[in-house]
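For reference, work-v6.cif is printed below; it contains mmCIF, C-alpha atoms and all ligand atoms.
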```cif
data_start
loop_
_atom_site.label_atom_id
_atom_site.label_comp_id
_atom_site.auth_asym_id
_atom_site.auth_seq_id
_atom_site.Cartn_x
_atom_site.Cartn_y
_atom_site.Cartn_z
CA MET A 718 79.65 92.10 98.28
CA PRO A 719 78.06 95.04 100.11
CA PRO A 720 74.34 95.65 99.52
CA ALA A 721 73.69 97.95 96.58
CA HIS A 722 72.32 100.77 98.74
CA SER A 723 75.65 101.18 100.52
CA ILE A 724 77.58 101.87 97.34
CA THR A 725 78.46 105.57 97.16
CA PRO A 726 78.25 106.93 93.63
CA ALA A 727 81.43 108.59 92.36
CA SER A 728 81.43 112.35 92.84
CA PRO A 729 80.97 114.28 89.59
CA VAL A 730 83.73 116.33 88.04
CA ILE A 731 82.99 120.06 88.38
CA ILE A 732 84.46 122.08 85.53
CA LEU A 733 86.02 125.35 86.72
CA ALA A 734 86.16 127.23 83.43
CA ASP A 735 86.72 130.61 85.04
CA LEU A 736 86.91 132.40 88.39
CA ALA A 737 83.13 132.75 88.51
CA ALA A 738 82.86 128.96 88.54
CA VAL A 739 85.30 128.81 91.47
CA ALA A 740 83.19 131.41 93.27
CA ARG A 741 80.03 129.33 92.81
CA LEU A 742 81.73 126.21 94.13
CA ALA A 743 83.16 128.15 97.09
CA GLN A 744 79.75 129.62 97.92
CA ALA A 745 78.18 126.17 97.87
CA LEU A 746 80.93 124.80 100.12
CA ALA A 747 80.53 127.73 102.48
CA ALA A 748 76.82 127.00 102.70
CA GLU A 749 77.29 123.28 103.34
CA THR A 750 80.14 123.34 105.84
CA GLU A 751 79.78 123.79 109.58
CA PRO A 752 82.23 124.89 112.25
CA GLY A 753 84.44 121.89 113.01
CA ASP A 754 84.49 120.81 109.38
CA VAL A 755 87.82 120.65 107.57
CA VAL A 756 88.10 121.15 103.82
CA ALA A 757 91.15 119.31 102.45
CA LEU A 758 92.38 120.94 99.26
CA ASP A 759 94.70 118.95 97.04
CA GLY A 760 95.98 119.53 93.55
CA PRO A 761 99.17 120.63 91.80
CA LEU A 762 100.88 124.03 92.03
CA GLY A 763 98.58 126.73 90.74
CA ALA A 764 95.51 124.47 90.59
CA GLY A 765 93.42 127.09 92.37
CA LYS A 766 93.49 126.06 96.04
CA THR A 767 94.07 129.55 97.45
CA THR A 768 91.56 131.02 95.01
CA LEU A 769 88.88 128.69 96.33
CA VAL A 770 89.71 129.66 99.92
CA ARG A 771 89.53 133.36 99.02
CA PHE A 772 86.01 132.98 97.60
CA ALA A 773 84.95 130.83 100.56
CA VAL A 774 86.21 133.44 103.05
CA ALA A 775 84.23 136.06 101.14
CA ALA A 776 81.11 133.89 101.28
CA LEU A 777 81.57 133.44 105.04
CA GLY A 778 81.86 137.18 105.60
CA GLY A 779 85.62 137.44 106.11
CA GLU A 780 88.25 139.71 104.60
CA ALA A 781 88.87 137.84 101.38
CA GLU A 782 91.41 140.31 100.01
CA GLN A 783 93.80 139.22 102.78
CA VAL A 784 93.76 135.59 101.68
CA GLN A 785 97.01 134.51 100.09
CA SER A 786 99.10 131.37 100.09
CA PRO A 787 100.44 131.37 103.64
CA THR A 788 104.20 131.80 103.41
CA PHE A 789 105.96 132.83 106.61
CA THR A 790 102.79 132.47 108.63
CA LEU A 791 101.65 128.92 108.03
CA LEU A 792 98.20 129.44 109.49
CA HIS A 793 95.81 132.34 109.01
CA GLN A 794 92.49 133.09 110.67
CA TYR A 795 89.66 135.15 109.21
CA HIS A 796 86.93 136.46 111.45
CA GLY A 797 83.77 136.72 109.41
CA ARG A 798 80.26 135.54 110.24
CA VAL A 799 81.83 132.11 110.45
CA PRO A 800 85.50 131.97 111.51
CA VAL A 801 87.85 130.44 108.95
CA VAL A 802 91.24 128.83 109.52
CA HIS A 803 93.53 128.59 106.48
CA VAL A 804 96.63 126.41 106.46
CA ASP A 805 99.11 125.72 103.69
CA ALA A 806 100.71 122.38 104.52
CA TYR A 807 103.24 122.62 101.68
CA ARG A 808 106.04 123.64 104.04
CA LEU A 809 104.92 121.57 107.02
CA ALA A 810 107.15 118.63 107.91
CA GLY A 811 104.14 116.37 108.46
CA PRO A 812 101.02 115.71 110.55
CA ASP A 813 102.72 116.50 113.87
CA ALA A 814 103.71 119.95 112.63
CA LEU A 815 100.04 120.75 112.07
CA ALA A 816 99.28 120.00 115.72
CA GLY A 817 102.19 122.29 116.62
CA LEU A 818 100.35 125.21 115.03
CA GLY A 819 97.45 124.67 117.43
CA PHE A 820 95.29 123.57 114.53
CA ASP A 821 92.90 121.36 116.48
CA GLU A 822 91.92 124.07 118.97
CA LEU A 823 91.60 126.77 116.33
CA ALA A 824 89.64 124.57 113.90
CA GLU A 825 87.16 123.44 116.52
CA ASN A 826 84.92 126.49 116.09
CA ALA A 827 85.87 127.38 112.54
CA VAL A 828 85.65 126.01 109.05
CA ALA A 829 89.23 125.03 108.21
CA PHE A 830 90.76 124.96 104.73
CA VAL A 831 94.02 123.06 104.32
CA GLU A 832 96.07 123.38 101.13
CA TRP A 833 98.29 120.37 100.31
CA ALA A 834 96.18 118.40 102.79
CA GLU A 835 97.65 115.05 101.74
CA ARG A 836 100.84 116.00 103.58
CA VAL A 837 99.01 116.09 106.91
CA LEU A 838 96.04 113.83 106.27
CA PRO A 839 96.48 111.61 109.38
CA ALA A 840 96.10 114.74 111.55
CA LEU A 841 92.77 115.76 109.98
CA PRO A 842 89.42 114.56 111.39
CA ALA A 843 88.17 111.86 108.96
CA ASP A 844 84.56 112.20 110.12
CA ARG A 845 84.49 115.95 109.39
CA LEU A 846 86.65 115.95 106.29
CA TRP A 847 85.61 117.36 102.91
CA ARG A 848 88.00 116.32 100.16
CA VAL A 849 88.40 118.75 97.27
CA ALA A 850 90.66 117.42 94.54
CA LEU A 851 91.58 120.20 92.13
CA ALA A 852 93.06 119.38 88.74
CA HIS A 853 94.77 121.64 86.25
CA ALA A 854 95.96 120.20 82.95
CA ASP A 855 96.17 121.60 79.42
CA GLY A 856 94.64 124.86 80.62
CA HIS A 857 91.54 123.11 81.94
CA ARG A 858 90.64 123.31 85.62
CA SER A 859 88.24 121.07 87.50
CA ALA A 860 87.34 119.84 90.98
CA VAL A 861 85.94 116.70 92.56
CA VAL A 862 84.32 117.19 95.97
CA THR A 863 83.76 114.32 98.39
CA PRO A 864 81.75 115.21 101.52
CA PRO A 865 82.41 113.72 104.97
CA PRO A 866 80.92 110.27 105.58
CA GLY A 867 77.15 110.39 105.95
CA ARG A 868 76.86 113.96 104.66
CA THR A 869 75.34 114.88 101.33
CA TRP A 870 76.62 117.17 98.64
CA ALA A 871 73.98 118.37 96.23
CA PHE A 872 75.98 120.82 94.15
CA HIS A 873 75.00 120.71 90.49
CA ALA A 874 77.52 122.83 88.64
CA GLU A 875 75.57 122.85 85.40
CA THR A 876 72.50 124.37 87.05
CA GLN A 877 74.29 127.08 89.05
N1 LIG B 1 89.18 128.28 87.62
C1 LIG B 1 90.09 129.23 87.33
N2 LIG B 1 90.04 129.91 86.17
C2 LIG B 1 90.99 130.84 85.87
N3 LIG B 1 92.03 131.16 86.66
C3 LIG B 1 92.13 130.51 87.82
C4 LIG B 1 91.18 129.51 88.23
N4 LIG B 1 91.56 129.04 89.44
C5 LIG B 1 92.68 129.70 89.77
N5 LIG B 1 93.03 130.58 88.82
C6 LIG B 1 94.23 131.43 88.83
O1 LIG B 1 95.36 130.57 88.89
C7 LIG B 1 96.40 131.17 89.65
C8 LIG B 1 96.88 130.21 90.71
O2 LIG B 1 95.82 130.00 91.63
P1 LIG B 1 96.07 129.70 93.16
O3 LIG B 1 97.11 130.58 93.73
O4 LIG B 1 94.72 129.70 93.81
O5 LIG B 1 96.62 128.21 93.10
P2 LIG B 1 97.14 127.29 94.29
O6 LIG B 1 96.62 125.92 94.00
O7 LIG B 1 96.79 127.87 95.60
O8 LIG B 1 98.72 127.34 94.08
P3 LIG B 1 99.87 126.89 95.12
O9 LIG B 1 100.04 125.41 94.91
O10 LIG B 1 101.07 127.67 94.67
O11 LIG B 1 99.43 127.24 96.50
C9 LIG B 1 95.84 132.49 90.19
O12 LIG B 1 96.30 133.54 89.37
C10 LIG B 1 94.34 132.32 90.04
O13 LIG B 1 93.68 133.56 89.83
MG MG B 2 97.98 128.31 97.27
#
```
Output the structure of this file as structure tokens.
Ligand SMILES: Nc1ncnc2c1ncn2[C@@H]1O[C@H](COP(=O)(O)OP(=O)(O)OP(=O)(O)O)[C@@H](O)[C@H]1O
Ligand SMILES: [Mg+2]
Amino acid sequence: MPPAHSITPASPVIILADLAAVARLAQALAAETEPGDVVALDGPLGAGKTTLVRFAVAALGGEAEQVQSPTFTLLHQYHGRVPVVHVDAYRLAGPDALAGLGFDELAENAVAFVEWAERVLPALPADRLWRVALAHADGHRSAVVTPPPGRTWAFHAETQ
């Protein structure tokens, strides 16, 4: 058995009752992430992945009104105070297709947000990866955030 101090406590469930709650989460993520970090967004259709990216782009000084689910263009860049790369992996064939978009080079100096990240997970940098699992059931929305290994996440939704 590993020593007790190495056991990572489970990340708390953050209730996203309304768009303001998404904005607070996005602002906290924007504050915690650094260029080179990748935020993997997973969750069912309509769970709020793009909405979270839009608020994060706003928090990082980019043009949030331009953020939409990438359709024909699979990768978008926003040039705010901190550059943001936004990918929707829903239509990507797999991890190799992400490399084909030039993701690694573009994400190097940006904070990257990847919707449907599970589809391309092997191509994402495990040591820089934030996992955001969004849930949407019975009209209730929530998120669980897991920071990269060795990084802390001190977001307390109830006190925001
Ligand atoms: N916490 C929330 N409270 C209320 N409405 C929300 C919340 N999060 C998202 N929405 C709304 O839900 C809708 C779908 O959100 P969004 O497009 O962000 O989902 P998505 O996960 O990106 O979907 P897709 O899988 O199609 O890419 C939008 O109209 C958005 O405004
Ligand atoms: Mg979307």
Wanna dump the chain A-ligand LIG 1 (chain B) contacts at 10 Å for me, each residue with its shortest atom pair and the distance in Å to one decimal, counting all atoms listed in the file, ordered by chain and number, as JSON lines?
```
{"residue": "A:Ile732", "atom": "CA", "partner": "B:LIG1", "partner_atom": "N1", "distance": 8.1}
{"residue": "A:Leu733", "atom": "CA", "partner": "B:LIG1", "partner_atom": "N1", "distance": 4.4}
{"residue": "A:Ala734", "atom": "CA", "partner": "B:LIG1", "partner_atom": "N1", "distance": 5.3}
{"residue": "A:Asp735", "atom": "CA", "partner": "B:LIG1", "partner_atom": "N2", "distance": 3.6}
{"residue": "A:Leu736", "atom": "CA", "partner": "B:LIG1", "partner_atom": "N2", "distance": 4.6}
{"residue": "A:Ala737", "atom": "CA", "partner": "B:LIG1", "partner_atom": "N1", "distance": 7.6}
{"residue": "A:Ala738", "atom": "CA", "partner": "B:LIG1", "partner_atom": "N1", "distance": 6.4}
{"residue": "A:Val739", "atom": "CA", "partner": "B:LIG1", "partner_atom": "N1", "distance": 5.5}
{"residue": "A:Ala740", "atom": "CA", "partner": "B:LIG1", "partner_atom": "N1", "distance": 8.8}
{"residue": "A:Leu758", "atom": "CA", "partner": "B:LIG1", "partner_atom": "O6", "distance": 8.4}
{"residue": "A:Asp759", "atom": "CA", "partner": "B:LIG1", "partner_atom": "O6", "distance": 7.8}
{"residue": "A:Gly760", "atom": "CA", "partner": "B:LIG1", "partner_atom": "O6", "distance": 6.4}
{"residue": "A:Pro761", "atom": "CA", "partner": "B:LIG1", "partner_atom": "O9", "distance": 5.8}
{"residue": "A:Leu762", "atom": "CA", "partner": "B:LIG1", "partner_atom": "O9", "distance": 3.3}
{"residue": "A:Gly763", "atom": "CA", "partner": "B:LIG1", "partner_atom": "O8", "distance": 3.4}
{"residue": "A:Ala764", "atom": "CA", "partner": "B:LIG1", "partner_atom": "O6", "distance": 3.9}
{"residue": "A:Gly765", "atom": "CA", "partner": "B:LIG1", "partner_atom": "O4", "distance": 3.3}
{"residue": "A:Lys766", "atom": "CA", "partner": "B:LIG1", "partner_atom": "O6", "distance": 3.7}
{"residue": "A:Thr767", "atom": "CA", "partner": "B:LIG1", "partner_atom": "O7", "distance": 3.7}
{"residue": "A:Thr768", "atom": "CA", "partner": "B:LIG1", "partner_atom": "O4", "distance": 3.6}
{"residue": "A:Leu769", "atom": "CA", "partner": "B:LIG1", "partner_atom": "O4", "distance": 6.4}
{"residue": "A:Val770", "atom": "CA", "partner": "B:LIG1", "partner_atom": "O4", "distance": 7.9}
{"residue": "A:Arg771", "atom": "CA", "partner": "B:LIG1", "partner_atom": "O4", "distance": 8.2}
{"residue": "A:Val784", "atom": "CA", "partner": "B:LIG1", "partner_atom": "O4", "distance": 9.9}
{"residue": "A:Gln785", "atom": "CA", "partner": "B:LIG1", "partner_atom": "O3", "distance": 7.5}
{"residue": "A:Ser786", "atom": "CA", "partner": "B:LIG1", "partner_atom": "O11", "distance": 5.5}
{"residue": "A:Pro787", "atom": "CA", "partner": "B:LIG1", "partner_atom": "O11", "distance": 8.3}
{"residue": "A:Thr788", "atom": "CA", "partner": "B:LIG1", "partner_atom": "O11", "distance": 9.6}
{"residue": "A:Asp805", "atom": "CA", "partner": "B:LIG1", "partner_atom": "O11", "distance": 7.4}
{"residue": "A:Ala806", "atom": "CA", "partner": "B:LIG1", "partner_atom": "O11", "distance": 9.5}
{"residue": "A:Tyr807", "atom": "CA", "partner": "B:LIG1", "partner_atom": "O11", "distance": 7.9}
{"residue": "A:Glu832", "atom": "CA", "partner": "B:LIG1", "partner_atom": "O11", "distance": 6.9}
{"residue": "A:Trp833", "atom": "CA", "partner": "B:LIG1", "partner_atom": "O9", "distance": 7.6}
{"residue": "A:Leu851", "atom": "CA", "partner": "B:LIG1", "partner_atom": "O6", "distance": 7.8}
{"residue": "A:Ala852", "atom": "CA", "partner": "B:LIG1", "partner_atom": "O6", "distance": 9.1}
{"residue": "A:His853", "atom": "CA", "partner": "B:LIG1", "partner_atom": "N4", "distance": 8.7}
{"residue": "A:Gly856", "atom": "CA", "partner": "B:LIG1", "partner_atom": "C2", "distance": 8.8}
{"residue": "A:His857", "atom": "CA", "partner": "B:LIG1", "partner_atom": "N1", "distance": 8.0}
{"residue": "A:Arg858", "atom": "CA", "partner": "B:LIG1", "partner_atom": "N1", "distance": 5.6}
{"residue": "A:Ser859", "atom": "CA", "partner": "B:LIG1", "partner_atom": "N1", "distance": 7.3}
{"residue": "A:Ala860", "atom": "CA", "partner": "B:LIG1", "partner_atom": "N1", "distance": 9.3}
```
Show which residues sit within 12 Å of Gly817 in chain A, as a PDB file with C-alpha atoms, in the frame of the given file. Count only C-alpha atoms, and ignore same-chain residues fewer than 5 positions away.
```pdb
ATOM      1  CA  LEU A 791     101.650 128.920 108.030  1.00  0.00           C
ATOM      2  CA  LEU A 792      98.200 129.440 109.490  1.00  0.00           C
ATOM      3  CA  LEU A 809     104.920 121.570 107.020  1.00  0.00           C
ATOM      4  CA  ALA A 810     107.150 118.630 107.910  1.00  0.00           C
ATOM      5  CA  GLY A 811     104.140 116.370 108.460  1.00  0.00           C
ATOM      6  CA  PRO A 812     101.020 115.710 110.550  1.00  0.00           C
ATOM      7  CA  GLU A 822      91.920 124.070 118.970  1.00  0.00           C
ATOM      8  CA  LEU A 823      91.600 126.770 116.330  1.00  0.00           C
ATOM      9  CA  VAL A 837      99.010 116.090 106.910  1.00  0.00           C
ATOM     10  CA  ALA A 840      96.100 114.740 111.550  1.00  0.00           C
TER      11      ALA A 840
END
```
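The nearest approach to Thr750 in chain A among the residues A:Pro800, A:Asp813, A:Ala834, A:Arg808, with all atoms listed in the file taken into account, belongs to A:Pro800.
The coordinates place CA of Glu749 in chain A at 25.4 Å from CA of Ala816 in chain A.
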Nearby residues (only C-alpha atoms) at most 10 Å from Val861 in chain A, same-chain spacing under 4 positions excluded, as a VMD selection string: chain A and resid 727 to 732 848 to 852
Polymer residues at most 8 Å from Pro752 in chain A, only C-alpha atoms, same-chain spacing of 5 or more positions, as an MDAnalysis selection string: chainID A and resid 799:800 824:828
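Between CA of Ala743 in chain A and CA of Leu841 in chain A the interatomic distance comes to 20.3 Å.
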Between CA of Val755 in chain A and CA of Thr863 in chain A, distance in Å (one decimal): 11.9 Å
With N, CA and C atoms as the target, complete range 793-822 of chain A and hand it back as a CSV table (one decimal), keeping the file's coordinate frame.
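Written file, part11.csv:
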```csv
chain,number,residue,atom,x,y,z
A,793,HIS,N,96.5,131.1,108.9
A,793,HIS,CA,95.8,132.3,109.0
A,793,HIS,C,94.4,132.1,109.5
A,794,GLN,N,93.9,133.1,110.2
A,794,GLN,CA,92.5,133.1,110.7
A,794,GLN,C,91.7,134.3,110.1
A,795,TYR,N,90.5,134.1,109.7
A,795,TYR,CA,89.7,135.2,109.2
A,795,TYR,C,88.4,135.2,110.1
A,796,HIS,N,88.0,136.4,110.5
A,796,HIS,CA,86.9,136.5,111.4
A,796,HIS,C,85.7,137.1,110.8
A,797,GLY,N,85.0,136.3,110.0
A,797,GLY,CA,83.8,136.7,109.4
A,797,GLY,C,82.6,136.2,110.2
A,798,ARG,N,81.4,136.1,109.6
A,798,ARG,CA,80.3,135.5,110.2
A,798,ARG,C,80.6,134.2,110.8
A,799,VAL,N,81.3,133.4,110.0
A,799,VAL,CA,81.8,132.1,110.4
A,799,VAL,C,83.4,132.2,110.4
A,800,PRO,N,84.0,131.9,111.5
A,800,PRO,CA,85.5,132.0,111.5
A,800,PRO,C,86.1,130.9,110.5
A,801,VAL,N,87.2,131.3,109.9
A,801,VAL,CA,87.8,130.4,109.0
A,801,VAL,C,89.3,130.3,109.4
A,802,VAL,N,89.8,129.1,109.3
A,802,VAL,CA,91.2,128.8,109.5
A,802,VAL,C,91.8,128.4,108.2
A,803,HIS,N,92.9,128.9,107.8
A,803,HIS,CA,93.5,128.6,106.5
A,803,HIS,C,95.0,128.2,106.7
A,804,VAL,N,95.3,127.0,106.3
A,804,VAL,CA,96.6,126.4,106.5
A,804,VAL,C,97.2,126.0,105.1
A,805,ASP,N,98.4,126.3,104.9
A,805,ASP,CA,99.1,125.7,103.7
A,805,ASP,C,100.1,124.7,104.2
A,806,ALA,N,99.9,123.4,104.0
A,806,ALA,CA,100.7,122.4,104.5
A,806,ALA,C,101.9,122.1,103.7
A,807,TYR,N,102.1,122.9,102.6
A,807,TYR,CA,103.2,122.6,101.7
A,807,TYR,C,104.6,122.6,102.4
A,808,ARG,N,104.8,123.5,103.3
A,808,ARG,CA,106.0,123.6,104.0
A,808,ARG,C,106.0,123.0,105.4
A,809,LEU,N,104.9,122.3,105.7
A,809,LEU,CA,104.9,121.6,107.0
A,809,LEU,C,105.6,120.2,106.9
A,810,ALA,N,106.4,119.9,107.9
A,810,ALA,CA,107.2,118.6,107.9
A,810,ALA,C,106.2,117.4,107.9
A,811,GLY,N,105.0,117.5,108.4
A,811,GLY,CA,104.1,116.4,108.5
A,811,GLY,C,103.0,116.6,109.4
A,812,PRO,N,102.2,115.6,109.7
A,812,PRO,CA,101.0,115.7,110.6
A,812,PRO,C,101.3,116.3,111.9
A,813,ASP,N,102.4,116.0,112.5
A,813,ASP,CA,102.7,116.5,113.9
A,813,ASP,C,102.9,118.0,113.8
A,814,ALA,N,103.5,118.5,112.7
A,814,ALA,CA,103.7,120.0,112.6
A,814,ALA,C,102.4,120.7,112.6
A,815,LEU,N,101.4,120.1,112.1
A,815,LEU,CA,100.0,120.8,112.1
A,815,LEU,C,99.5,120.9,113.5
A,816,ALA,N,99.7,119.9,114.3
A,816,ALA,CA,99.3,120.0,115.7
A,816,ALA,C,100.1,121.1,116.4
A,817,GLY,N,101.3,121.3,116.0
A,817,GLY,CA,102.2,122.3,116.6
A,817,GLY,C,101.7,123.7,116.4
A,818,LEU,N,100.9,123.9,115.3
A,818,LEU,CA,100.4,125.2,115.0
A,818,LEU,C,99.1,125.5,115.9
A,819,GLY,N,98.7,124.5,116.7
A,819,GLY,CA,97.4,124.7,117.4
A,819,GLY,C,96.2,124.5,116.6
A,820,PHE,N,96.4,123.7,115.5
A,820,PHE,CA,95.3,123.6,114.5
A,820,PHE,C,94.0,123.0,115.2
A,821,ASP,N,94.1,122.0,116.0
A,821,ASP,CA,92.9,121.4,116.5
A,821,ASP,C,92.0,122.3,117.3
A,822,GLU,N,92.7,123.1,118.1
A,822,GLU,CA,91.9,124.1,119.0
A,822,GLU,C,91.3,125.2,118.1
```
